[in-house]
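Presented below is the structure to which this report refers.
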Amino acid sequence: MFTTLFGKSPPKEPEHREGELYRVITAFGKTFEIYYGYYEESDRYSKYPQPVEVFPDFIKEPLYTEDGTPFVTAIQATCEHYEKVRDTADKCADCLHFEKGEELFGLCRCRARRREPQKDNGI
Ligand code: SF4
């Protein structure tokens, strides 16, 4: 009743449910299943607790291509080798070394962050 009086709509049901598959994405030779969920537990209790597409955290769990190039995401926090190319919030997508792939996936082309090629890095 009050929402009608004040011209506000009642809260909508979330568009997607936690755990629902968003997409299967292939980027730089690796395939990732991306699900809806929350990056932080506290996001569940935010003002708009909609599940979002959760991309891998390559800081917590580093992943490399077979030639030793590290995966990053466009929204990943920057590292000590960050070279800013845009005047926006600092994230990998704003770095000179970022190579964009499908959706938020990318590679870090910084020489300092490469590692020796390894054969046991498959997903
Ligand atoms: S793209 Fe690479 S060098 Fe640039 S901030 Fe991200 S991890 Fe660091």
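In the structure tokens, chains take letters A, B, ... by order of appearance, with residues numbered from 1 within each chain and ligands from 1 in the order shown.
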Using the chain letters and numbers from this document, which residues of chain A does DSSP assign to strand (DSSP E or B), as number ranges by chain?
A: 21-27, 30-37, 52-54, 64, 70-73, 84, 95, 98-100, 105-108
Applying 10 Å and only C-alpha atoms, which residues near range 28-38 of chain A remain after dropping the ones on its own chain fewer than 2 positions away? List them as a VMD selection string.
chain A and resid 16 to 26 40 to 44 49 to 56 63 to 66 71 100 to 102 105 to 107 122 to 123
Closest pair table for chain A residues within 6 Å of ligand 1, only C-alpha atoms and all ligand atoms, as a tab-separated table:
residue	atom	partner	partner_atom_place_in_ligand_line	distance
A:Thr78	CA	ligand 1	5 (S)	3.7
A:Cys79	CA	ligand 1	8 (Fe)	4.1
A:His81	CA	ligand 1	3 (S)	4.4
A:Tyr82	CA	ligand 1	5 (S)	3.9
A:Cys92	CA	ligand 1	6 (Fe)	3.8
A:Cys95	CA	ligand 1	4 (Fe)	4.6
A:His97	CA	ligand 1	1 (S)	4.6
A:Phe98	CA	ligand 1	1 (S)	4.1
A:Cys108	CA	ligand 1	2 (Fe)	4.1
A:Cys110	CA	ligand 1	3 (S)	5.1
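For the residues A:Asp90, A:Pro14, A:Tyr39, A:Asp67, ranking by smallest atom-to-atom distance to Glu116 in chain A using only C-alpha atoms places A:Asp67 first.
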